[in-house]
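This is coords08.pdb (PDB, C-alpha atoms).
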```
ATOM      1  CA  MET P 133      49.987  85.769  49.243
ATOM      2  CA  LEU P 134      48.234  87.726  52.000
ATOM      3  CA  SER P 135      49.775  87.825  55.450
ATOM      4  CA  THR P 136      47.825  86.546  58.440
ATOM      5  CA  GLN P 137      47.577  90.050  59.887
ATOM      6  CA  ARG P 138      46.232  91.480  56.653
ATOM      7  CA  ARG P 139      43.541  88.811  56.479
ATOM      8  CA  ARG P 140      42.601  89.671  60.051
ATOM      9  CA  ASP P 141      42.111  93.296  59.106
ATOM     10  CA  VAL P 142      40.120  92.638  55.955
ATOM     11  CA  SER P 143      36.598  93.349  57.153
ATOM     12  CA  ALA P 144      34.469  94.243  60.137
ATOM     13  CA  ALA P 145      31.555  92.532  58.377
ATOM     14  CA  ALA P 146      32.979  89.076  59.064
ATOM     15  CA  PRO P 147      34.629  89.287  62.485
ATOM     16  CA  ALA P 148      34.107  85.602  63.230
ATOM     17  CA  ALA P 149      37.320  84.792  61.418
ATOM     18  CA  THR P 150      39.263  87.876  62.509
ATOM     19  CA  THR P 151      39.357  86.993  66.204
ATOM     20  CA  GLY P 152      39.069  83.226  66.251
ATOM     21  CA  GLY P 153      36.176  80.945  65.375
ATOM     22  CA  LEU P 154      35.003  80.215  68.909
ATOM     23  CA  ARG P 155      34.830  83.855  69.967
ATOM     24  CA  GLY P 156      33.102  84.736  66.718
ATOM     25  CA  VAL P 157      30.447  82.074  67.248
ATOM     26  CA  ILE P 158      29.811  83.176  70.837
ATOM     27  CA  ALA P 159      29.626  86.863  69.915
ATOM     28  CA  GLY P 160      27.344  86.090  66.981
ATOM     29  CA  GLY P 161      25.041  83.943  69.088
ATOM     30  CA  ILE P 162      24.680  86.593  71.788
ATOM     31  CA  THR P 163      24.142  89.296  69.191
ATOM     32  CA  GLY P 164      21.549  87.211  67.383
ATOM     33  CA  ALA P 165      19.645  86.481  70.596
ATOM     34  CA  ILE P 166      19.508  90.163  71.561
ATOM     35  CA  GLU P 167      18.457  91.219  68.074
ATOM     36  CA  ILE P 168      15.732  88.568  67.855
ATOM     37  CA  CYS P 169      14.208  89.500  71.220
ATOM     38  CA  ILE P 170      14.019  93.124  70.119
ATOM     39  CA  THR P 171      12.629  92.613  66.644
ATOM     40  CA  PHE P 172      10.670  89.334  66.730
ATOM     41  CA  PRO P 173       7.158  90.897  66.958
ATOM     42  CA  THR P 174       7.731  92.450  63.521
ATOM     43  CA  GLU P 175       8.773  89.031  62.195
ATOM     44  CA  PHE P 176       5.609  87.506  63.693
ATOM     45  CA  VAL P 177       3.346  90.127  62.107
ATOM     46  CA  LYS P 178       5.132  89.835  58.761
ATOM     47  CA  THR P 179       4.621  86.057  58.725
ATOM     48  CA  GLN P 180       0.941  86.352  59.660
ATOM     49  CA  LEU P 181       0.316  88.824  56.853
ATOM     50  CA  GLN P 182       2.153  86.615  54.351
ATOM     51  CA  LEU P 183       0.071  83.604  55.401
ATOM     52  CA  ASP P 184      -3.174  85.556  54.962
ATOM     53  CA  GLU P 185      -4.424  84.304  51.600
ATOM     54  CA  GLY P 186      -7.617  86.394  51.426
ATOM     55  CA  SER P 187      -7.872  88.238  48.119
ATOM     56  CA  SER P 188     -10.168  91.051  47.072
ATOM     57  CA  ARG P 189      -9.873  89.745  43.508
ATOM     58  CA  ARG P 190     -11.811  86.636  44.579
ATOM     59  CA  GLY P 191     -14.109  88.452  46.973
ATOM     60  CA  GLU P 192     -12.555  86.794  50.021
ATOM     61  CA  ALA P 193     -12.112  88.621  53.288
ATOM     62  CA  ARG P 194      -8.661  88.818  54.761
ATOM     63  CA  LYS P 195      -7.997  87.933  58.381
ATOM     64  CA  PHE P 196      -6.014  91.111  58.915
ATOM     65  CA  ASN P 197      -6.370  94.605  57.486
ATOM     66  CA  GLY P 198      -2.727  95.529  57.850
ATOM     67  CA  VAL P 199      -0.014  95.659  60.475
ATOM     68  CA  ILE P 200      -1.931  97.465  63.234
ATOM     69  CA  ASP P 201      -4.994  95.243  62.839
ATOM     70  CA  CYS P 202      -2.814  92.129  63.066
ATOM     71  CA  VAL P 203      -1.177  93.380  66.267
ATOM     72  CA  LYS P 204      -4.525  94.312  67.836
ATOM     73  CA  LYS P 205      -6.195  90.987  67.041
ATOM     74  CA  THR P 206      -3.195  88.964  68.212
ATOM     75  CA  VAL P 207      -2.896  90.825  71.525
ATOM     76  CA  HIS P 208      -6.658  90.642  72.063
ATOM     77  CA  SER P 209      -6.846  86.887  71.497
ATOM     78  CA  ARG P 210      -3.443  85.747  72.816
ATOM     79  CA  GLY P 211      -2.134  88.579  74.952
ATOM     80  CA  PHE P 212       1.014  90.614  74.361
ATOM     81  CA  PHE P 213       3.279  87.565  74.380
ATOM     82  CA  GLY P 214       1.235  86.102  71.536
ATOM     83  CA  LEU P 215       3.452  88.318  69.372
ATOM     84  CA  TYR P 216       6.386  86.153  70.473
ATOM     85  CA  ARG P 217       4.977  82.811  69.339
ATOM     86  CA  GLY P 218       7.802  80.931  67.619
ATOM     87  CA  LEU P 219      10.552  83.031  69.234
ATOM     88  CA  SER P 220      12.189  79.966  70.784
ATOM     89  CA  VAL P 221      12.852  78.520  67.344
ATOM     90  CA  LEU P 222      14.894  81.528  66.272
ATOM     91  CA  LEU P 223      16.690  81.696  69.616
ATOM     92  CA  TYR P 224      17.757  78.059  69.354
ATOM     93  CA  GLY P 225      18.909  78.610  65.786
ATOM     94  CA  SER P 226      20.743  81.920  66.230
ATOM     95  CA  ILE P 227      24.165  80.495  67.091
ATOM     96  CA  PRO P 228      24.542  78.044  64.169
ATOM     97  CA  LYS P 229      22.985  80.554  61.782
ATOM     98  CA  SER P 230      25.460  83.256  62.765
ATOM     99  CA  ALA P 231      28.402  80.868  62.784
ATOM    100  CA  VAL P 232      27.629  79.511  59.313
ATOM    101  CA  ARG P 233      26.949  82.937  57.806
ATOM    102  CA  PHE P 234      30.020  84.773  59.044
ATOM    103  CA  GLY P 235      32.262  81.724  58.887
ATOM    104  CA  ALA P 236      31.337  80.978  55.271
ATOM    105  CA  PHE P 237      31.686  84.615  54.261
ATOM    106  CA  GLU P 238      35.146  84.939  55.788
ATOM    107  CA  GLU P 239      36.317  81.612  54.375
ATOM    108  CA  LEU P 240      35.200  82.576  50.878
ATOM    109  CA  LYS P 241      36.648  86.035  51.330
ATOM    110  CA  LYS P 242      40.122  84.651  52.032
ATOM    111  CA  TYR P 243      40.232  83.294  48.481
ATOM    112  CA  ALA P 244      38.630  86.321  46.829
ATOM    113  CA  VAL P 245      40.438  89.393  48.192
ATOM    114  CA  ASP P 246      42.986  91.307  46.132
ATOM    115  CA  GLU P 247      46.547  92.165  47.144
ATOM    116  CA  ARG P 248      45.240  94.945  49.412
ATOM    117  CA  GLY P 249      42.920  92.557  51.219
ATOM    118  CA  GLN P 250      39.828  94.050  49.545
ATOM    119  CA  LEU P 251      36.875  92.638  47.604
ATOM    120  CA  ASN P 252      35.717  94.051  44.290
ATOM    121  CA  THR P 253      32.103  94.446  43.160
ATOM    122  CA  LYS P 254      31.801  90.920  41.765
ATOM    123  CA  THR P 255      33.477  89.115  44.676
ATOM    124  CA  ARG P 256      31.396  90.993  47.263
ATOM    125  CA  LEU P 257      28.240  89.658  45.667
ATOM    126  CA  LEU P 258      29.614  86.137  45.250
ATOM    127  CA  CYS P 259      30.934  85.861  48.826
ATOM    128  CA  GLY P 260      27.633  87.141  50.209
ATOM    129  CA  LEU P 261      25.721  84.731  47.975
ATOM    130  CA  GLY P 262      27.857  81.812  49.173
ATOM    131  CA  ALA P 263      27.320  82.768  52.822
ATOM    132  CA  GLY P 264      23.568  82.978  52.286
ATOM    133  CA  LEU P 265      23.365  79.613  50.529
ATOM    134  CA  ALA P 266      25.411  77.968  53.286
ATOM    135  CA  GLU P 267      23.211  79.296  56.086
ATOM    136  CA  ALA P 268      20.070  78.366  54.156
ATOM    137  CA  VAL P 269      21.092  74.715  53.904
ATOM    138  CA  PHE P 270      22.683  74.183  57.316
ATOM    139  CA  ALA P 271      20.613  76.411  59.612
ATOM    140  CA  VAL P 272      17.895  78.652  58.226
ATOM    141  CA  THR P 273      15.585  76.236  56.375
ATOM    142  CA  PRO P 274      14.761  73.899  59.305
ATOM    143  CA  MET P 275      14.607  76.828  61.730
ATOM    144  CA  GLU P 276      12.323  78.890  59.493
ATOM    145  CA  THR P 277      10.097  75.915  58.653
ATOM    146  CA  VAL P 278       9.409  75.206  62.323
ATOM    147  CA  LYS P 279       8.928  78.931  63.054
ATOM    148  CA  VAL P 280       6.373  79.373  60.266
ATOM    149  CA  LYS P 281       4.479  76.245  61.327
ATOM    150  CA  PHE P 282       4.375  77.504  64.918
ATOM    151  CA  ILE P 283       3.000  80.888  63.888
ATOM    152  CA  HIS P 284       0.512  79.312  61.476
ATOM    153  CA  ASP P 285      -0.539  76.842  64.173
ATOM    154  CA  GLN P 286      -1.443  79.713  66.503
ATOM    155  CA  GLY P 287      -4.151  80.801  64.106
ATOM    156  CA  LEU P 288      -5.999  77.492  64.511
ATOM    157  CA  ALA P 289      -8.955  77.185  66.873
ATOM    158  CA  LYS P 290      -7.078  74.433  68.747
ATOM    159  CA  PRO P 291      -3.295  74.825  68.332
ATOM    160  CA  ASN P 292      -1.473  71.512  67.971
ATOM    161  CA  TYR P 293       1.950  72.521  69.267
ATOM    162  CA  ARG P 294       2.488  72.982  73.016
ATOM    163  CA  GLY P 295       6.047  74.238  72.746
ATOM    164  CA  PHE P 296       9.252  74.128  70.729
ATOM    165  CA  PHE P 297      10.347  70.553  71.413
ATOM    166  CA  HIS P 298       6.799  69.203  71.221
ATOM    167  CA  GLY P 299       6.290  70.985  67.912
ATOM    168  CA  VAL P 300       9.546  69.700  66.426
ATOM    169  CA  ARG P 301       8.728  66.168  67.596
ATOM    170  CA  GLU P 302       5.254  66.334  66.038
ATOM    171  CA  ILE P 303       6.535  67.715  62.744
ATOM    172  CA  ILE P 304       9.204  65.013  62.444
ATOM    173  CA  ARG P 305       6.766  62.293  63.565
ATOM    174  CA  SER P 306       4.183  63.232  60.928
ATOM    175  CA  GLU P 307       6.415  64.436  58.089
ATOM    176  CA  GLY P 308       9.912  63.125  58.825
ATOM    177  CA  ILE P 309      13.119  65.139  58.699
ATOM    178  CA  ARG P 310      12.032  66.232  55.253
ATOM    179  CA  GLY P 311       9.200  68.095  56.952
ATOM    180  CA  THR P 312      11.716  70.516  58.434
ATOM    181  CA  TYR P 313      13.175  71.215  55.000
ATOM    182  CA  GLN P 314      10.066  72.472  53.258
ATOM    183  CA  GLY P 315      10.784  75.413  51.000
ATOM    184  CA  LEU P 316      14.530  74.667  50.756
ATOM    185  CA  THR P 317      14.784  76.024  47.214
ATOM    186  CA  ALA P 318      12.885  79.193  48.092
ATOM    187  CA  THR P 319      14.961  79.630  51.254
ATOM    188  CA  MET P 320      18.219  79.231  49.342
ATOM    189  CA  LEU P 321      17.057  81.832  46.839
ATOM    190  CA  LYS P 322      15.984  84.153  49.647
ATOM    191  CA  GLN P 323      19.044  83.784  51.879
ATOM    192  CA  GLY P 324      21.468  83.813  48.974
ATOM    193  CA  SER P 325      20.056  87.062  47.608
ATOM    194  CA  ASN P 326      19.709  88.460  51.149
ATOM    195  CA  GLN P 327      23.356  88.095  52.049
ATOM    196  CA  ALA P 328      24.597  88.987  48.575
ATOM    197  CA  ILE P 329      22.753  92.310  48.809
ATOM    198  CA  ARG P 330      23.578  93.001  52.466
ATOM    199  CA  PHE P 331      27.281  92.197  52.380
ATOM    200  CA  PHE P 332      27.650  94.012  49.066
ATOM    201  CA  VAL P 333      26.012  97.175  50.409
ATOM    202  CA  MET P 334      27.862  97.032  53.758
ATOM    203  CA  GLU P 335      31.260  96.404  52.183
ATOM    204  CA  THR P 336      30.726  99.093  49.547
ATOM    205  CA  LEU P 337      29.536 101.730  52.027
ATOM    206  CA  LYS P 338      32.412 100.996  54.406
ATOM    207  CA  GLU P 339      34.894 101.269  51.550
ATOM    208  CA  LYS P 340      33.421 104.612  50.455
ATOM    209  CA  TYR P 341      33.515 105.890  54.039
ATOM    210  CA  ARG P 342      37.167 104.945  54.446
ATOM    211  CA  GLN P 343      38.027 106.587  51.145
ATOM    212  CA  TYR P 344      36.167 109.755  52.166
ATOM    213  CA  THR P 345      37.821 109.945  55.583
ATOM    214  CA  MET P 346      41.202 108.795  54.186
ATOM    215  CA  LYS P 347      41.786 106.538  57.224
ATOM    216  CA  GLY P 348      43.089 103.559  55.281
ATOM    217  CA  PRO P 349      41.419 100.544  53.596
ATOM    218  CA  ASN P 350      41.065  98.524  56.831
ATOM    219  CA  ALA P 351      40.359 101.285  59.370
ATOM    220  CA  PRO P 352      37.464 100.619  61.807
ATOM    221  CA  VAL P 353      34.153 102.330  61.083
ATOM    222  CA  PRO P 354      32.400 104.133  64.007
ATOM    223  CA  VAL P 355      29.556 102.125  65.489
ATOM    224  CA  LEU P 356      26.816 104.656  64.689
ATOM    225  CA  ILE P 357      27.987 104.896  61.088
ATOM    226  CA  THR P 358      27.949 101.104  60.928
ATOM    227  CA  GLY P 359      24.355 101.184  62.186
ATOM    228  CA  VAL P 360      23.293 103.610  59.470
ATOM    229  CA  PHE P 361      24.980 101.459  56.836
ATOM    230  CA  GLY P 362      23.180  98.439  58.298
ATOM    231  CA  LEU P 363      19.810 100.160  57.950
ATOM    232  CA  MET P 364      20.552 100.880  54.308
ATOM    233  CA  ALA P 365      21.756  97.332  53.632
ATOM    234  CA  GLY P 366      18.671  95.883  55.318
ATOM    235  CA  ALA P 367      16.291  98.086  53.333
ATOM    236  CA  ALA P 368      18.005  97.147  50.076
ATOM    237  CA  SER P 369      17.585  93.434  50.799
ATOM    238  CA  VAL P 370      13.899  93.843  51.714
ATOM    239  CA  PHE P 371      12.951  95.617  48.510
ATOM    240  CA  GLY P 372      15.161  93.265  46.533
ATOM    241  CA  ASN P 373      13.810  89.907  47.699
ATOM    242  CA  THR P 374      10.493  90.166  49.566
ATOM    243  CA  PRO P 375       8.710  88.210  46.764
ATOM    244  CA  LEU P 376      11.058  85.295  47.483
ATOM    245  CA  ASP P 377      10.319  85.635  51.199
ATOM    246  CA  VAL P 378       6.565  85.427  50.581
ATOM    247  CA  VAL P 379       6.984  82.269  48.476
ATOM    248  CA  LYS P 380       9.280  80.765  51.126
ATOM    249  CA  THR P 381       6.720  81.434  53.860
ATOM    250  CA  ARG P 382       3.906  79.782  51.888
ATOM    251  CA  MET P 383       6.106  76.767  51.111
ATOM    252  CA  GLN P 384       6.809  76.295  54.832
ATOM    253  CA  SER P 385       3.241  76.761  56.081
ATOM    254  CA  LEU P 386       0.872  74.065  57.313
ATOM    255  CA  GLU P 387      -0.808  74.136  53.890
ATOM    256  CA  ALA P 388       2.380  73.761  51.843
ATOM    257  CA  SER P 389       1.164  70.445  50.388
ATOM    258  CA  LYS P 390      -1.168  72.273  48.016
ATOM    259  CA  TYR P 391       1.842  73.551  46.090
ATOM    260  CA  LYS P 392       3.719  71.225  43.751
ATOM    261  CA  ASN P 393       6.972  73.146  44.119
ATOM    262  CA  THR P 394       8.403  76.641  44.561
ATOM    263  CA  PHE P 395       7.532  77.706  41.017
ATOM    264  CA  ASP P 396       3.962  76.418  41.333
ATOM    265  CA  CYS P 397       3.588  78.355  44.583
ATOM    266  CA  ALA P 398       4.651  81.578  42.868
ATOM    267  CA  VAL P 399       2.269  80.906  39.960
ATOM    268  CA  GLN P 400      -0.689  80.284  42.301
ATOM    269  CA  ILE P 401       0.010  83.449  44.277
ATOM    270  CA  MET P 402       0.110  85.491  41.071
ATOM    271  CA  ARG P 403      -3.025  83.862  39.663
ATOM    272  CA  ASN P 404      -5.148  83.969  42.809
ATOM    273  CA  GLU P 405      -3.948  87.099  44.597
ATOM    274  CA  GLY P 406      -2.202  89.280  42.065
ATOM    275  CA  PRO P 407       1.343  90.730  41.917
ATOM    276  CA  LEU P 408       0.949  92.881  45.037
ATOM    277  CA  ALA P 409       0.639  89.688  47.092
ATOM    278  CA  PHE P 410       4.368  89.176  46.596
ATOM    279  CA  TYR P 411       4.934  92.218  48.795
ATOM    280  CA  LYS P 412       2.666  91.217  51.666
ATOM    281  CA  GLY P 413       4.356  91.894  54.983
ATOM    282  CA  THR P 414       6.816  94.375  53.467
ATOM    283  CA  VAL P 415       6.268  97.042  56.148
ATOM    284  CA  PRO P 416       6.879  94.818  59.206
ATOM    285  CA  ARG P 417       9.681  93.020  57.365
ATOM    286  CA  LEU P 418      11.283  96.359  56.546
ATOM    287  CA  GLY P 419      11.217  97.321  60.224
ATOM    288  CA  ARG P 420      12.560  93.964  61.359
ATOM    289  CA  VAL P 421      15.292  93.557  58.745
ATOM    290  CA  CYS P 422      16.611  97.112  58.954
ATOM    291  CA  ALA P 423      16.829  96.821  62.733
ATOM    292  CA  ASP P 424      18.231  93.292  62.400
ATOM    293  CA  VAL P 425      21.130  94.241  60.147
ATOM    294  CA  ALA P 426      21.937  97.486  61.980
ATOM    295  CA  ILE P 427      21.825  95.901  65.442
ATOM    296  CA  THR P 428      23.769  92.826  64.336
ATOM    297  CA  PHE P 429      26.712  94.734  62.919
ATOM    298  CA  MET P 430      26.763  97.303  65.732
ATOM    299  CA  ILE P 431      26.534  94.889  68.667
ATOM    300  CA  TYR P 432      28.757  92.281  67.053
ATOM    301  CA  ASP P 433      31.634  94.703  66.734
ATOM    302  CA  LYS P 434      31.268  95.739  70.374
ATOM    303  CA  PHE P 435      31.349  92.143  71.606
ATOM    304  CA  ILE P 436      34.439  91.483  69.527
ATOM    305  CA  GLU P 437      36.133  94.563  71.005
ATOM    306  CA  ALA P 438      35.277  93.348  74.522
ATOM    307  CA  PHE P 439      36.568  89.865  73.754
ATOM    308  CA  ASN P 440      39.809  91.360  72.458
ATOM    309  CA  ARG P 441      40.361  92.986  75.848
ATOM    310  CA  VAL P 442      39.478  90.047  78.116
ATOM    311  CA  TRP P 443      40.249  87.127  75.804
ATOM    312  CA  PRO P 444      43.353  88.009  73.759
ATOM    313  CA  ASN P 445      43.814  86.295  70.432
ATOM    314  CA  LYS P 446      46.785  83.927  70.413
TER     315      LYS P 446
END
```

Just dump the structure as structure tokens.
Amino acid sequence: MLSTQRRRDVSAAAPAATTGGLRGVIAGGITGAIEICITFPTEFVKTQLQLDEGSSRRGEARKFNGVIDCVKKTVHSRGFFGLYRGLSVLLYGSIPKSAVRFGAFEELKKYAVDERGQLNTKTRLLCGLGAGLAEAVFAVTPMETVKVKFIHDQGLAKPNYRGFFHGVREIIRSEGIRGTYQGLTATMLKQGSNQAIRFFVMETLKEKYRQYTMKGPNAPVPVLITGVFGLMAGAASVFGNTPLDVVKTRMQSLEASKYKNTFDCAVQIMRNEGPLAFYKGTVPRLGRVCADVAITFMIYDKFIEAFNRVWPNK
């Protein structure tokens, strides 16, 4: 049976459990807010491109001719801060999302580590998958549904939502609580695969680094190295599950009712727009996710270190 100290040293990827739940939640929330403010314009552009259903196969013109065109048209019509439409949704959801993700990962990890406090290839994937499924159900799906509707609403001639709380109220009034859970299956598939890939890559790269430097299985990894590993983990998740992200976005849009279910959505995209449509928004998503994962792991560790100095663990 693992000692308490060994469990605390298991991983820098899940610090929420290593220094106490409350401090982990606070550090994760702050980290998430900073990361979102930095990278949200790429998330906005990615979502707009994924919602653009124009297809050359059907002779239909697209609203946007790529990332730069989307940015130009948005800034021209809405101003620079038009690129931040829907930001409040992600800010409000950052704390529970972070808490569920890291908390679930660490809780699952406690039951999966070996006698050295390490995960093997299979358990890394399973713990990451469990963390992703948990955050999809308890935080990400309602947050992402409202965010996508906000961004989609901005493209209308007369937007219906005047702000976060007004938008949430209108969605619930017209569609019920179920309206905030559109695309749950697609989101679970996306978030599950996301975290399985990211935690697997991060844990594996950290293990290889520690073996190479011979500093011990639980030695801290320098912050810049952690950032590089985060970039690699983010890129791996983007190329691995962008098709699921496209389907999720369509299932959460204002026009989601035209799809019978997640599978029907995927079939319609393939039939009407072709296989490349499943990779719409890859470039802005790649920029956002790589920065997201790198910044999250780098800043999170620094907040935990600061908390350790001013708020000792008891």

Could you spell out the hits of the PyMOL selection byres ((chain P and resi 268-272) around 7) on the shown file, as a compact mmCIF listing (two decimals) with C-alpha atoms, in the frame of the given file?
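File written: expr.txt
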```txt
# COMPACT_ATOMS: atom_id res chain seq x y z
CA GLY P 225 18.91 78.61 65.79
CA PRO P 228 24.54 78.04 64.17
CA LYS P 229 22.98 80.55 61.78
CA GLY P 264 23.57 82.98 52.29
CA LEU P 265 23.36 79.61 50.53
CA ALA P 266 25.41 77.97 53.29
CA GLU P 267 23.21 79.30 56.09
CA THR P 273 15.58 76.24 56.38
CA PRO P 274 14.76 73.90 59.30
CA MET P 275 14.61 76.83 61.73
CA GLU P 276 12.32 78.89 59.49
CA THR P 319 14.96 79.63 51.25
CA MET P 320 18.22 79.23 49.34
CA GLN P 323 19.04 83.78 51.88
```

What residues come out when you apply the PyMOL selection byres ((chain P and resi 324) around 12) to this file, written as a compact mmCIF listing (two decimals) with C-alpha atoms, keeping the file's coordinate frame?
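Below is the file that was written, result19.txt:
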```txt
# COMPACT_ATOMS: atom_id res chain seq x y z
CA ARG P 233 26.95 82.94 57.81
CA PHE P 237 31.69 84.62 54.26
CA LEU P 257 28.24 89.66 45.67
CA LEU P 258 29.61 86.14 45.25
CA CYS P 259 30.93 85.86 48.83
CA GLY P 260 27.63 87.14 50.21
CA LEU P 261 25.72 84.73 47.98
CA GLY P 262 27.86 81.81 49.17
CA ALA P 263 27.32 82.77 52.82
CA GLY P 264 23.57 82.98 52.29
CA LEU P 265 23.36 79.61 50.53
CA ALA P 266 25.41 77.97 53.29
CA GLU P 267 23.21 79.30 56.09
CA ALA P 268 20.07 78.37 54.16
CA VAL P 269 21.09 74.72 53.90
CA VAL P 272 17.90 78.65 58.23
CA LEU P 316 14.53 74.67 50.76
CA THR P 317 14.78 76.02 47.21
CA ALA P 318 12.88 79.19 48.09
CA THR P 319 14.96 79.63 51.25
CA MET P 320 18.22 79.23 49.34
CA LEU P 321 17.06 81.83 46.84
CA LYS P 322 15.98 84.15 49.65
CA GLN P 323 19.04 83.78 51.88
CA SER P 325 20.06 87.06 47.61
CA ASN P 326 19.71 88.46 51.15
CA GLN P 327 23.36 88.10 52.05
CA ALA P 328 24.60 88.99 48.58
CA ILE P 329 22.75 92.31 48.81
CA ARG P 330 23.58 93.00 52.47
CA PHE P 331 27.28 92.20 52.38
CA PHE P 332 27.65 94.01 49.07
CA SER P 369 17.58 93.43 50.80
CA GLY P 372 15.16 93.26 46.53
CA ASN P 373 13.81 89.91 47.70
CA LEU P 376 11.06 85.30 47.48
CA ASP P 377 10.32 85.64 51.20
```

Notebook entry, point to check: Of the candidates P:Thr428, P:Gln384, P:Thr255, P:Thr312, which shows the shortest atom-to-atom distance to Gly161 (chain P), using all atoms listed in the file?
Noted result: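 Nearest candidate to Gly161 (chain P) out of P:Thr428, P:Gln384, P:Thr255, P:Thr312: P:Thr428.
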
Next item on the list: Work out how far apart CA of Lys390 (chain P) and CA of Thr179 (chain P) are and give it in Å to one decimal.
Entry: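 Value for the CA of Lys390 (chain P)-CA of Thr179 (chain P) distance: 18.4 Å.
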
Notebook entry, point to check: So what does the PyMOL selection byres ((chain P and resi 333-346) around 9) actually pick up in this one, as a list in words?
Noted result: Ser143, Ala144, Ala145, Gln250, Leu251, Asn252, Thr253, Arg256, Ala328, Ile329, Arg330, Phe331, Phe332, Lys347, Gly348, Pro349, Asn350, Ala351, Pro352, Val353, Ile357, Thr358, Phe361, Gly362, Met364, Ala365, Gly366 and Ala368 of chain P

Can you fill out region 168-180 of chain P with N, CA and C atoms and hand it back as a JSON list (two decimals), in the frame of the given file?
```json
[["chain", "number", "residue", "atom", "x", "y", "z"],
["P", 168, "ILE", "N", 17.00, 89.26, 68.05],
["P", 168, "ILE", "CA", 15.73, 88.57, 67.86],
["P", 168, "ILE", "C", 14.70, 88.99, 68.90],
["P", 169, "CYS", "N", 15.13, 89.10, 70.15],
["P", 169, "CYS", "CA", 14.21, 89.50, 71.22],
["P", 169, "CYS", "C", 13.65, 90.90, 70.99],
["P", 170, "ILE", "N", 14.47, 91.76, 70.38],
["P", 170, "ILE", "CA", 14.02, 93.12, 70.12],
["P", 170, "ILE", "C", 13.06, 93.19, 68.94],
["P", 171, "THR", "N", 13.35, 92.44, 67.91],
["P", 171, "THR", "CA", 12.63, 92.61, 66.64],
["P", 171, "THR", "C", 11.62, 91.52, 66.31],
["P", 172, "PHE", "N", 11.51, 90.47, 67.12],
["P", 172, "PHE", "CA", 10.67, 89.33, 66.73],
["P", 172, "PHE", "C", 9.20, 89.69, 66.49],
["P", 173, "PRO", "N", 8.56, 90.58, 67.26],
["P", 173, "PRO", "CA", 7.16, 90.90, 66.96],
["P", 173, "PRO", "C", 6.94, 91.34, 65.51],
["P", 174, "THR", "N", 7.89, 92.05, 64.92],
["P", 174, "THR", "CA", 7.73, 92.45, 63.52],
["P", 174, "THR", "C", 7.83, 91.24, 62.61],
["P", 175, "GLU", "N", 8.67, 90.27, 62.97],
["P", 175, "GLU", "CA", 8.77, 89.03, 62.20],
["P", 175, "GLU", "C", 7.47, 88.24, 62.29],
["P", 176, "PHE", "N", 6.87, 88.21, 63.49],
["P", 176, "PHE", "CA", 5.61, 87.51, 63.69],
["P", 176, "PHE", "C", 4.52, 88.12, 62.83],
["P", 177, "VAL", "N", 4.39, 89.44, 62.87],
["P", 177, "VAL", "CA", 3.35, 90.13, 62.11],
["P", 177, "VAL", "C", 3.57, 89.93, 60.61],
["P", 178, "LYS", "N", 4.82, 90.04, 60.17],
["P", 178, "LYS", "CA", 5.13, 89.84, 58.76],
["P", 178, "LYS", "C", 4.68, 88.45, 58.31],
["P", 179, "THR", "N", 4.98, 87.43, 59.09],
["P", 179, "THR", "CA", 4.62, 86.06, 58.72],
["P", 179, "THR", "C", 3.11, 85.88, 58.69],
["P", 180, "GLN", "N", 2.40, 86.46, 59.65],
["P", 180, "GLN", "CA", 0.94, 86.35, 59.66],
["P", 180, "GLN", "C", 0.34, 87.00, 58.42]]
```
